[in-house]
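S.K.: Encoded as structure tokens, here's the structure I'll be asking about.
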Protein chains: 4
Amino acid sequence: MSDEQITNGGTTVFNLGECRYESPLRIPQFIEEGSGILYDVRLEDLQSSLRAKKEIVAFENAGPRKRIYFNPSETTAAIVTCGGICPGINDVIKSLVVELIDQYGVKRVLGIRYGYEGLIPDYGHRPMELTPLSVSTITHRGGTLLGTSRGLQDPERMVDTLVQNNIDILFTIGGDGTLRGAAAIFDVIRKRDLKISVIGIPKTIDNDIDLIDRTFGFETAVAEATKAVQSAYAEATSFRNGIGLVRVMGRDSGFIAAFAALASNVADFVLVPEVPFVLRGESGLLNRIHAKFTEKRYAVIVVAEGAGQEFFGGGGAVGSQTVNREFGNIGHLLKDEISGYFRELDVPINMKYIDPSYIIRSVEASADDAVFCLMLAQNAVHGGMSGKSGIMVGKWNSFFTFVPIGLAVRKRKRIDPNGYLWSIVREATGQGDLI
Amino acid sequence: MSDEQITNGGTTVFNLGECRYESPLRIPQFIEEGSGILYDVRLEDLQSSLRAKKEIVAFENAGPRKRIYFNPSETTAAIVTCGGICPGINDVIKSLVVELIDQYGVKRVLGIRYGYEGLIPDYGHRPMELTPLSVSTITHRGGTLLGTSRGLQDPERMVDTLVQNNIDILFTIGGDGTLRGAAAIFDVIRKRDLKISVIGIPKTIDNDIDLIDRTFGFETAVAEATKAVQSAYAEATSFRNGIGLVRVMGRDSGFIAAFAALASNVADFVLVPEVPFVLRGESGLLNRIHAKFTEKRYAVIVVAEGAGQEFFGGGGAVGSQTVNREFGNIGHLLKDEISGYFRELDVPINMKYIDPSYIIRSVEASADDAVFCLMLAQNAVHGGMSGKSGIMVGKWNSFFTFVPIGLAVRKRKRIDPNGYLWSIVREATGQGDLI
Amino acid sequence: MSDEQITNGGTTVFNLGECRYESPLRIPQFIEEGSGILYDVRLEDLQSSLRAKKEIVAFENAGPRKRIYFNPSETTAAIVTCGGICPGINDVIKSLVVELIDQYGVKRVLGIRYGYEGLIPDYGHRPMELTPLSVSTITHRGGTLLGTSRGLQDPERMVDTLVQNNIDILFTIGGDGTLRGAAAIFDVIRKRDLKISVIGIPKTIDNDIDLIDRTFGFETAVAEATKAVQSAYAEATSFRNGIGLVRVMGRDSGFIAAFAALASNVADFVLVPEVPFVLRGESGLLNRIHAKFTEKRYAVIVVAEGAGQEFFGGGGAVGSQTVNREFGNIGHLLKDEISGYFRELDVPINMKYIDPSYIIRSVEASADDAVFCLMLAQNAVHGGMSGKSGIMVGKWNSFFTFVPIGLAVRKRKRIDPNGYLWSIVREATGQGDLI
Amino acid sequence: MSDEQITNGGTTVFNLGECRYESPLRIPQFIEEGSGILYDVRLEDLQSSLRAKKEIVAFENAGPRKRIYFNPSETTAAIVTCGGICPGINDVIKSLVVELIDQYGVKRVLGIRYGYEGLIPDYGHRPMELTPLSVSTITHRGGTLLGTSRGLQDPERMVDTLVQNNIDILFTIGGDGTLRGAAAIFDVIRKRDLKISVIGIPKTIDNDIDLIDRTFGFETAVAEATKAVQSAYAEATSFRNGIGLVRVMGRDSGFIAAFAALASNVADFVLVPEVPFVLRGESGLLNRIHAKFTEKRYAVIVVAEGAGQEFFGGGGAVGSQTVNREFGNIGHLLKDEISGYFRELDVPINMKYIDPSYIIRSVEASADDAVFCLMLAQNAVHGGMSGKSGIMVGKWNSFFTFVPIGLAVRKRKRIDPNGYLWSIVREATGQGDLI
């Protein structure tokens, strides 16, 4: 094997230029440029790649660099938060500010208000100055100190605002859409040959961003979702033919549903976007719930919001209903279908429908998530200060990484119906195939 | 003043007969028969009653009696839980069983399944035997071990079941309807001149049973509801024109809404059944929310499920809508009305609607509620063993009391719009009059 | 009975003078001067008092007055926190500030630093200005924003400081010692004929202040202590001859120990200052622990810090040890005695000693305590603004009261070994008499 | 590179023999024998290994096998828990039982009582039969259902017991010492050529077992320890010259101390076994605490129990004290040293010492730990049923692995003073070098 074989599958990170300043950090060890973290850790894959002389993909190892690109005393950074809220956003904001100002000594940190809207002057949202003192207690409250909004704005005009405010580094905290926005901003910056770094910090409570082991807030969200499933269980078991139905977040992936079911260990059915199911028929969900009544008089169901979207498709028939919506509320549909089914059968039921989504999103980050947010934020600052741009901070195989945004948004992480996680969900619930 | 003046306003408790057995409890002090707890503690009311020679109302002081009616070694007790679930039911069940068997030494305790249904053989719910061991760990789970159901059953047939199972004391855990059921059973028992004691333990998460300072689970429920209000606040403040709308339990009274608003201290509007409000007009809710946007860009609203029921009245018009439902979902109505109002005004809003009801109901009881449940249950057993019947165990001015059920269900406890609690809610929210 | 009979047992509250200003509060109902809350609610006591023509004791009903003494726009208030910390202090501070400034419109609120030290210029602690904004998020953190200290300072010099800072109302948050300090300040003020109001807000995590049903933070403390007892249970049951020993706060009273034992329902022995016990001898604690090993292989013990202080008395013998300390650590003593005893017997044990005191003191107030703190603070402000002085805000039989400080510090509230609470602790633990 | 180069550094797993039975699991994918997980994921290490033709180390990939060694219907498994308790033990026990009986259909599962003692008949601890029903609610309580003990027993006699009870698979849940015990049992089994599988499930709250990313309960422990640090902060900031001193678990490693400090973000000093520090001198701890008083009037210190053990060494002098203990209580030493130092300087301080160790150990596992315990247990069962023996179940780079026990206990995982974790602790605390 030659060294050339070890290429990177598009993982090369863009750099603004030569790092002319020495890092002010007083730490014993810096990360060498060129350090990489292997993408695939399975021995058999490595062997076959080597044999086939295929490239070995690795991500750039994050962490502090000995030499940095920006002169801290002249640097202005900005932070923007976009999309929905999730536990830990304020932890990330606080750690960014503390790392930038207390550790690197940057001049100024601006908080952009209400997402990308705050980069368009027409909205009239003035940025707020952020200091270690002003953010010292924000981690106790949920949501985002800066405010957020959904949707993209014109990248050209956003870059104009960055220039007008002398912003050298822009940290974007957000999900898939936000990262695409960051990529668009990055493209305009490159086109104009500006020396502005754009660093994405991935945020999605659904844990479905690719190339990062886990997103911040996910673990906290699972803990809250687990409580909701336990409530559903208490309700279901307290009534004859009790049904506890919990709808949790997860548009494209069912990670929260799956983990909350495993953690609570009381779910009978877990429905996720990745695994199709039917309602009617012998092995359909409705009949299977009925069977649970005979067996133990209750049933607990956890459904991810993106599950069963085919029931809302154009002209598709759901039971007797024909519905046609863009993104349907599967919780309400199941509630109606289940009620209707047992009404037809004249079997009295007691259904309790719980949707804890907004409660889950807004709680304080757990201790573990707090540490994770701190580490993510520090690495984002390391990346920005060393002049990397157009990257997302990831975590892969226990190491923090810098990943080109384009690579990160190529696809979403999803549950593999043939993989390990779904196997144990099936074992834990005993639900079998609902088709 | 003569002693006769001190009568009891219908507070006299019915006794099955002479107490011929000595209490097996080894405690230094028993409560004397005739000990009473004053209903009204205001000095000025006492003075005017004395002057007007009006009766002074007092409740019978609960607690253990030196002599008891039932011979423990021959006594069978039964426990039934009815209506919705609330935190602490299993604590009450456990303490009843432990007090009956370990302290008094009764022969047998039966758990009636699925509420009053379990007293009608047709349903086929066999009672379960309860022992201190079998209930030792049930306090960690929410709901009711015994199962519950709503609605009353035929009192004659329920008494038949009591007789067939040799039940001497029936403990009913439930709310207003359950207490009325217990009263009906008590009437049949008296009519038939049976020696069966019926003891009601009041349960309502809404805290709206009269003649008891607080119902068990209420405090735990408020703590959980407070978290939901804090979530609504995190959501509302994270978005421009953010609205956090939380619907909590409270059909006839707004105690949970009021206490959660005070505890969280972040609500802008609290809507309760006791205080009418309008949606439209200058001081209507919708306009007032709009004013909040100008002032601080968000608003948090807590609504009790029974608030604004007049909007669902026959032919009544709500905004432009005409609705006609028996018990309307005020949360959904507000959501629709608020959305419509701001859509009309072309003001973009971000509304998050949270209904934490089932989560609140099913959590483990707080430490304070756990102690309260223990004390309620012990006093219920003291009452039953000493042959009292047709009573509810209450707590009044720091003392536990025995209150004739008929008195307890005469009316519901409600927030006084001119009283202290509502004053401080108004102060805390600054909401003024919404009419 | 004549009206004269209803006197007040020293409950008359001192007033600074005529109330010449109208309350700015916009509430439907004010409390009339002269409204009183009965001290004793037992019917039989009322009857015998009336017959014996003895006085009927009542406390002044707290709450807002229609007319007030101070002109808000010219009023300066100050807040001082003394003694140990407990959950809810920051809630009280916040609510005092908000009520004073937002509701009454007072000019200025000063926070005195580090307890009574802050009223003595020599210490150099400058007071801090408090505003609704500056206190808006302090309730999420434990401890006291203002800092605290123990011990009294010279009342004459403290009053000098009040005068120099134009302070019209002083709110002191603290326990027995703090209230005595407030009484001393009040005396100097009266001697000098100053128009300064002194209002005490009772704080003691031990719940042992007389004439108040419960002190703030107690309930939260019990919840935390309960967790520690559950930990002790998990430890004890996991090892053969496991002993879980938990020492909780309570120098003069064992309320926390008793309630935590009842809430957890797993304690075998509860040791409190009010009930003496012996270590050696057949019914001594050590032998009784030994008996538990035979019965179930473990034992859980909850001890209040003030229990067994007789073991530390001059020349007193504890087992084989003679000790002589002012206030001994009963936890350490028990640990040593138990270890020694079983070592002598050659019985291997596994003892785990837990002292959760500082964890208990410093947590965030529970929702219920938060509401209680709010109400206490509001009533303190009502009292101060209406020119009352030398009073403590209490709560009695569901009403808030104004109680002359001298009356409140006459004695401490303690567990009655012959009363109801101790009876149920004995029942719950089955510990019997340890003498 | 040739395939031979990829050897395994002693990672080859021992197998009892040929797998003659088909797995009863109904899952879409099984793990192929020979699947491996790379030990080192750094690209540069891989490159240099390849160039130097050094072996590439990989662990056996855990997970279910298509063919298994034991015939489930004839298989008896046993579970033993040893050493101290930590969150999640009961989760592991429950999941082992459920996986063995409900998924694989094994005949019988025995719970060995009180650690390895339970395998020595002389102690008289009879094993308990475990069923899915009997373990269904144990996850809500801390500790271990089975009881535990410390120390090893005679491996020959323990194997005798396994044989006498027809035990085919022994699951040992415990730390370093327990794994060494399991290795000793495994050696005897091999020597006697018995067909008994020994599977170790690593348990150490300190997270210091090598070759596993994280041990179960660690995350829960950090969350509890974080609360204690926050309490110390509330105490320290409430008093002038307040010192909050928290001692947490960690004999050989300071992971809990480090993570709790990062999660709480309020520690000024973190002291761990891996990093030496001095007390006296200009950059000694005592002087540095003093400096904090000038800067901000308080200091928060988190110390792992194994830190500063050199102060207890033979003849070593600590300040003025000479101490000589085997394993000294560094918390008490620091408390004394700090008190003495400031007494000498006549600087009044307020120190609060918190040791939350037993509380941390005994709480319920967090949702995330619950899922981790479930997965660990399932993989342990997969390993045992497929006839692997002498292994520990690990987790490495997101995959579960089977690691020869001998390899796992070669050394302990420790914080690298020059590594990433310690760098960020230093940044977060600003503590610099204390030498």
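Each chain in the structure tokens gets a letter, A, B and so on, in the order shown; residues start at 1 in every chain, and ligands are counted from 1 in the order they appear.
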Write down, as a ChimeraX atom specification, each residue of chain B that has any atom within 6 Å of an atom of chain A, counting only C-alpha atoms.

M.R.: /B:142-144,147-148,231,234,238-239,359,362

S.K.: Taking the chain letters and numbering used in this document, name the residues of segment 332-402 of chain A that DSSP puts in helix (DSSP H, G or I), as a ChimeraX atom specification.

M.R.: /A:332-344,357-361,367-385

S.K.: Please, which residues of segment 63-295 of chain C, numbered as in this document, come out strand (DSSP E) from DSSP, as a short mmCIF file (atom, residue, chain, number, x, y, z; two decimals) with all heavy atoms, in the first residue's frame?

M.R.:
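This is the output file out-v8.cif:
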data_model
loop_
_atom_site.label_atom_id
_atom_site.label_comp_id
_atom_site.auth_asym_id
_atom_site.auth_seq_id
_atom_site.Cartn_x
_atom_site.Cartn_y
_atom_site.Cartn_z
N ARG C 67 -54.88 51.29 53.31
CA ARG C 67 -54.10 52.50 53.56
C ARG C 67 -52.74 52.08 54.11
O ARG C 67 -52.63 51.18 54.92
CB ARG C 67 -54.81 53.42 54.55
CG ARG C 67 -56.15 53.91 53.99
CD ARG C 67 -56.72 55.05 54.78
NE ARG C 67 -55.91 56.26 54.68
CZ ARG C 67 -55.88 57.08 53.62
NH1 ARG C 67 -56.63 56.83 52.57
NH2 ARG C 67 -55.09 58.14 53.63
N ILE C 68 -51.72 52.78 53.65
CA ILE C 68 -50.36 52.41 54.04
C ILE C 68 -49.64 53.58 54.70
O ILE C 68 -50.08 54.73 54.61
CB ILE C 68 -49.55 51.90 52.82
CG1 ILE C 68 -49.49 52.95 51.72
CG2 ILE C 68 -50.16 50.60 52.30
CD1 ILE C 68 -48.68 52.53 50.50
N THR C 76 -37.22 53.84 50.83
CA THR C 76 -36.10 52.95 50.56
C THR C 76 -36.21 51.74 51.47
O THR C 76 -36.41 51.87 52.68
CB THR C 76 -34.76 53.66 50.83
OG1 THR C 76 -34.63 54.78 49.94
CG2 THR C 76 -33.58 52.71 50.62
N ALA C 77 -36.11 50.57 50.87
CA ALA C 77 -36.15 49.34 51.67
C ALA C 77 -34.79 48.65 51.57
O ALA C 77 -34.02 48.90 50.64
CB ALA C 77 -37.24 48.41 51.15
N ALA C 78 -34.50 47.81 52.55
CA ALA C 78 -33.26 47.04 52.52
C ALA C 78 -33.56 45.61 52.91
O ALA C 78 -34.50 45.34 53.66
CB ALA C 78 -32.23 47.65 53.47
N ILE C 79 -32.77 44.71 52.37
CA ILE C 79 -32.95 43.27 52.65
C ILE C 79 -31.63 42.72 53.16
O ILE C 79 -30.57 43.00 52.59
CB ILE C 79 -33.34 42.51 51.37
CG1 ILE C 79 -34.58 43.14 50.72
CG2 ILE C 79 -33.55 41.03 51.65
CD1 ILE C 79 -34.90 42.60 49.33
N VAL C 80 -31.69 41.94 54.24
CA VAL C 80 -30.47 41.30 54.74
C VAL C 80 -30.75 39.82 54.98
O VAL C 80 -31.85 39.46 55.42
CB VAL C 80 -29.98 42.01 56.04
CG1 VAL C 80 -30.98 41.86 57.17
CG2 VAL C 80 -28.61 41.49 56.47
N THR C 81 -29.81 38.96 54.61
CA THR C 81 -29.97 37.53 54.86
C THR C 81 -28.88 37.07 55.83
O THR C 81 -27.71 37.40 55.65
CB THR C 81 -29.84 36.72 53.55
OG1 THR C 81 -28.57 36.96 52.95
CG2 THR C 81 -30.93 37.08 52.57
N ARG C 108 -36.42 52.59 45.95
CA ARG C 108 -35.11 51.97 45.96
C ARG C 108 -35.08 50.77 46.90
O ARG C 108 -35.67 50.82 47.98
CB ARG C 108 -34.12 53.01 46.48
CG ARG C 108 -32.69 52.71 46.13
CD ARG C 108 -31.80 53.82 46.67
NE ARG C 108 -30.43 53.53 46.32
CZ ARG C 108 -29.38 53.97 46.98
NH1 ARG C 108 -29.54 54.76 48.03
NH2 ARG C 108 -28.16 53.63 46.60
N VAL C 109 -34.40 49.71 46.48
CA VAL C 109 -34.21 48.55 47.35
C VAL C 109 -32.72 48.23 47.40
O VAL C 109 -32.07 48.06 46.37
CB VAL C 109 -34.99 47.31 46.86
CG1 VAL C 109 -34.81 46.15 47.82
CG2 VAL C 109 -36.47 47.63 46.68
N LEU C 110 -32.21 48.15 48.62
CA LEU C 110 -30.78 47.85 48.81
C LEU C 110 -30.61 46.42 49.33
O LEU C 110 -31.37 45.97 50.19
CB LEU C 110 -30.16 48.81 49.83
CG LEU C 110 -30.09 50.28 49.41
CD1 LEU C 110 -29.54 51.12 50.55
CD2 LEU C 110 -29.21 50.42 48.16
N GLY C 111 -29.63 45.74 48.81
CA GLY C 111 -29.27 44.42 49.33
C GLY C 111 -28.07 44.56 50.25
O GLY C 111 -27.00 44.96 49.80
N MET C 128 -25.72 46.40 47.74
CA MET C 128 -25.93 46.39 46.30
C MET C 128 -27.36 46.82 45.99
O MET C 128 -28.30 46.50 46.69
CB MET C 128 -25.64 45.00 45.71
CG MET C 128 -26.50 43.89 46.23
SD MET C 128 -25.77 42.22 45.92
CE MET C 128 -26.06 42.03 44.16
N GLU C 129 -27.50 47.56 44.91
CA GLU C 129 -28.83 48.01 44.46
C GLU C 129 -29.56 46.82 43.84
O GLU C 129 -28.97 46.08 43.05
CB GLU C 129 -28.62 49.11 43.40
CG GLU C 129 -29.86 49.78 42.94
CD GLU C 129 -30.07 51.12 43.67
OE1 GLU C 129 -29.10 51.74 44.11
OE2 GLU C 129 -31.25 51.51 43.80
N ILE C 169 -37.53 50.64 55.59
CA ILE C 169 -38.00 49.29 55.97
C ILE C 169 -36.82 48.33 55.83
O ILE C 169 -36.14 48.32 54.80
CB ILE C 169 -39.13 48.79 55.03
CG1 ILE C 169 -40.19 49.86 54.84
CG2 ILE C 169 -39.74 47.51 55.58
CD1 ILE C 169 -41.28 49.46 53.83
N LEU C 170 -36.61 47.55 56.87
CA LEU C 170 -35.56 46.53 56.83
C LEU C 170 -36.19 45.14 56.88
O LEU C 170 -36.91 44.84 57.84
CB LEU C 170 -34.60 46.69 58.01
CG LEU C 170 -33.52 45.60 58.12
CD1 LEU C 170 -32.53 45.68 56.97
CD2 LEU C 170 -32.79 45.70 59.47
N PHE C 171 -35.94 44.34 55.87
CA PHE C 171 -36.41 42.96 55.87
C PHE C 171 -35.25 42.07 56.27
O PHE C 171 -34.21 42.09 55.61
CB PHE C 171 -36.91 42.56 54.48
CG PHE C 171 -38.09 43.35 54.02
CD1 PHE C 171 -37.92 44.47 53.21
CD2 PHE C 171 -39.37 43.00 54.42
CE1 PHE C 171 -39.01 45.21 52.78
CE2 PHE C 171 -40.47 43.74 54.00
CZ PHE C 171 -40.29 44.86 53.18
N THR C 172 -35.42 41.32 57.34
CA THR C 172 -34.38 40.39 57.76
C THR C 172 -34.85 38.97 57.49
O THR C 172 -35.92 38.57 57.94
CB THR C 172 -34.05 40.52 59.25
OG1 THR C 172 -35.14 40.01 60.03
CG2 THR C 172 -33.77 41.95 59.65
N ILE C 173 -34.05 38.24 56.74
CA ILE C 173 -34.37 36.84 56.43
C ILE C 173 -33.42 35.98 57.25
O ILE C 173 -32.20 36.00 57.01
CB ILE C 173 -34.18 36.57 54.92
CG1 ILE C 173 -35.02 37.55 54.10
CG2 ILE C 173 -34.54 35.12 54.59
CD1 ILE C 173 -34.77 37.48 52.59
N GLY C 174 -33.94 35.27 58.22
CA GLY C 174 -33.05 34.46 59.05
C GLY C 174 -33.80 33.71 60.13
O GLY C 174 -35.03 33.84 60.26
N SER C 197 -39.35 50.59 59.85
CA SER C 197 -40.04 49.32 60.07
C SER C 197 -39.05 48.16 59.98
O SER C 197 -38.18 48.15 59.10
CB SER C 197 -41.14 49.16 59.01
OG SER C 197 -41.54 47.81 58.93
N VAL C 198 -39.17 47.20 60.88
CA VAL C 198 -38.33 46.00 60.86
C VAL C 198 -39.23 44.78 60.71
O VAL C 198 -40.09 44.54 61.57
CB VAL C 198 -37.49 45.87 62.15
CG1 VAL C 198 -36.64 44.60 62.09
CG2 VAL C 198 -36.62 47.09 62.35
N ILE C 199 -39.03 44.05 59.63
CA ILE C 199 -39.90 42.90 59.34
C ILE C 199 -39.04 41.64 59.23
O ILE C 199 -38.12 41.58 58.41
CB ILE C 199 -40.64 43.10 57.99
CG1 ILE C 199 -41.33 44.46 57.90
CG2 ILE C 199 -41.60 41.94 57.74
CD1 ILE C 199 -42.56 44.60 58.73
N GLY C 200 -39.36 40.65 60.05
CA GLY C 200 -38.61 39.39 60.00
C GLY C 200 -39.30 38.37 59.11
O GLY C 200 -40.51 38.17 59.20
N ILE C 201 -38.52 37.73 58.27
CA ILE C 201 -39.04 36.61 57.49
C ILE C 201 -38.31 35.36 57.98
O ILE C 201 -37.11 35.24 57.83
CB ILE C 201 -38.79 36.83 55.98
CG1 ILE C 201 -39.51 38.11 55.54
CG2 ILE C 201 -39.26 35.63 55.16
CD1 ILE C 201 -39.17 38.54 54.14
N PRO C 202 -39.06 34.47 58.64
CA PRO C 202 -38.41 33.36 59.32
C PRO C 202 -37.79 32.36 58.35
O PRO C 202 -38.43 31.96 57.39
CB PRO C 202 -39.53 32.72 60.11
CG PRO C 202 -40.77 33.12 59.42
CD PRO C 202 -40.51 34.45 58.79
N GLY C 242 -25.59 -4.95 56.04
CA GLY C 242 -25.39 -3.57 55.60
C GLY C 242 -26.09 -2.59 56.54
O GLY C 242 -27.19 -2.85 57.01
N ILE C 243 -25.42 -1.50 56.82
CA ILE C 243 -26.01 -0.46 57.66
C ILE C 243 -25.93 0.86 56.88
O ILE C 243 -24.85 1.27 56.46
CB ILE C 243 -25.26 -0.29 58.99
CG1 ILE C 243 -25.37 -1.57 59.81
CG2 ILE C 243 -25.81 0.90 59.77
CD1 ILE C 243 -24.58 -1.52 61.11
N GLY C 244 -27.06 1.48 56.67
CA GLY C 244 -27.08 2.81 56.06
C GLY C 244 -27.38 3.81 57.16
O GLY C 244 -28.42 3.72 57.82
N LEU C 245 -26.45 4.71 57.37
CA LEU C 245 -26.59 5.69 58.46
C LEU C 245 -26.60 7.08 57.85
O LEU C 245 -25.63 7.49 57.21
CB LEU C 245 -25.40 5.52 59.42
CG LEU C 245 -25.22 6.55 60.54
CD1 LEU C 245 -26.43 6.59 61.45
CD2 LEU C 245 -23.96 6.22 61.35
N VAL C 246 -27.70 7.80 58.02
CA VAL C 246 -27.84 9.13 57.43
C VAL C 246 -28.01 10.18 58.51
O VAL C 246 -28.89 10.06 59.35
CB VAL C 246 -29.08 9.20 56.50
CG1 VAL C 246 -29.13 10.55 55.79
CG2 VAL C 246 -29.05 8.08 55.48
N ARG C 247 -27.17 11.17 58.48
CA ARG C 247 -27.28 12.28 59.43
C ARG C 247 -27.85 13.48 58.68
O ARG C 247 -27.31 13.89 57.65
CB ARG C 247 -25.91 12.62 59.99
CG ARG C 247 -25.88 13.83 60.92
CD ARG C 247 -24.47 14.01 61.44
NE ARG C 247 -24.27 15.20 62.20
CZ ARG C 247 -23.65 16.30 61.74
NH1 ARG C 247 -23.23 16.34 60.49
NH2 ARG C 247 -23.47 17.36 62.51
N VAL C 248 -28.95 13.99 59.19
CA VAL C 248 -29.57 15.16 58.54
C VAL C 248 -29.61 16.33 59.52
O VAL C 248 -29.36 16.17 60.72
CB VAL C 248 -31.01 14.85 58.05
CG1 VAL C 248 -30.99 13.80 56.95
CG2 VAL C 248 -31.91 14.43 59.20
N PHE C 269 -34.73 2.99 62.09
CA PHE C 269 -34.56 3.78 63.31
C PHE C 269 -34.48 5.25 62.95
O PHE C 269 -33.76 5.62 62.02
CB PHE C 269 -33.27 3.39 64.04
CG PHE C 269 -33.21 1.93 64.40
CD1 PHE C 269 -32.52 1.02 63.62
CD2 PHE C 269 -33.87 1.46 65.54
CE1 PHE C 269 -32.47 -0.32 63.94
CE2 PHE C 269 -33.83 0.10 65.87
CZ PHE C 269 -33.13 -0.79 65.07
N VAL C 270 -35.23 6.07 63.68
CA VAL C 270 -35.13 7.52 63.53
C VAL C 270 -34.76 8.09 64.90
O VAL C 270 -35.45 7.83 65.90
CB VAL C 270 -36.46 8.13 63.06
CG1 VAL C 270 -36.35 9.65 62.93
CG2 VAL C 270 -36.88 7.53 61.72
N LEU C 271 -33.66 8.82 64.94
CA LEU C 271 -33.18 9.36 66.21
C LEU C 271 -33.25 10.88 66.16
O LEU C 271 -32.68 11.51 65.26
CB LEU C 271 -31.73 8.90 66.43
CG LEU C 271 -31.50 7.39 66.30
CD1 LEU C 271 -30.01 7.05 66.37
CD2 LEU C 271 -32.26 6.63 67.38
#

S.K.: Give me the residues near Gly217 of chain A as a short mmCIF file (atom, residue, chain, number, x, y, z; two decimals) with N, CA and C atoms, in the first residue's frame, where near means some atom within 6 Å (using only C-alpha atoms) and where sequence neighbours in that chain fewer than 6 positions away do not count.

M.R.:
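Written output follows (around.cif):
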data_model
loop_
_atom_site.label_atom_id
_atom_site.label_comp_id
_atom_site.auth_asym_id
_atom_site.auth_seq_id
_atom_site.Cartn_x
_atom_site.Cartn_y
_atom_site.Cartn_z
N CYS A 86 -33.35 23.06 21.12
CA CYS A 86 -33.08 21.76 21.72
C CYS A 86 -32.20 21.97 22.94
N PRO A 87 -32.16 21.02 23.87
CA PRO A 87 -31.38 21.23 25.10
C PRO A 87 -29.91 21.47 24.79
N GLY A 88 -29.32 22.48 25.39
CA GLY A 88 -27.89 22.70 25.27
C GLY A 88 -27.47 23.86 24.39
N ILE A 205 -32.25 17.76 17.43
CA ILE A 205 -32.66 16.91 18.55
C ILE A 205 -32.90 15.48 18.07
#

S.K.: In Å to one decimal, how far is atom CA of Pro132 of chain D from atom CA of Asp102 of chain D?

M.R.: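 Pair atom CA of Asp102 of chain D / atom CA of Pro132 of chain D returns 7.6 Å.
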
S.K.: Go through A:Ile112, A:Val409, A:Leu333, A:Val98 one by one, measure the shortest atom-to-atom distance of each to Asn165 of chain A using only C-alpha atoms, and give the residue with the smallest value.

M.R.: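 That would be A:Ile112, the residue with the smallest distance to Asn165 of chain A.
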
S.K.: Could you give me, as number ranges by chain, the residues within 12 Å of Phe218 of chain C, counting only C-alpha atoms and dropping anything in the same chain fewer than 6 positions from it?

M.R.: B: 367-368; C: 85-89, 202-209, 224-225, 249-250, 254-257, 259-260, 360-366, 368-370, 372-373

S.K.: Do a neighbour search on Pro276 of chain B at 10 Å with only C-alpha atoms, toss out local chain neighbours closer than 6 positions, and write the hits as a PDB file with C-alpha atoms, in the first residue's frame.

M.R.:
ATOM      1  CA  ALA B 307     -61.777  27.980  31.429  1.00  0.00           C
ATOM      2  CA  GLY B 308     -63.827  29.731  28.779  1.00  0.00           C
ATOM      3  CA  GLN B 309     -66.405  26.980  28.505  1.00  0.00           C
ATOM      4  CA  GLU B 310     -68.967  29.645  27.692  1.00  0.00           C
ATOM      5  CA  PRO B 417     -62.017  35.919  42.050  1.00  0.00           C
ATOM      6  CA  ASP B 433     -59.244  42.178  33.706  1.00  0.00           C
ATOM      7  CA  LEU B 434     -59.704  40.539  30.336  1.00  0.00           C
ATOM      8  CA  ILE B 435     -63.250  41.808  29.839  1.00  0.00           C
TER       9      ILE B 435
END

S.K.: Would you mind reading off the distance between atom CA of Lys395 of chain C and atom CA of Gln378 of chain C, one decimal, in Å?

M.R.: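 That distance, rounded to one decimal, is 12.7 Å.
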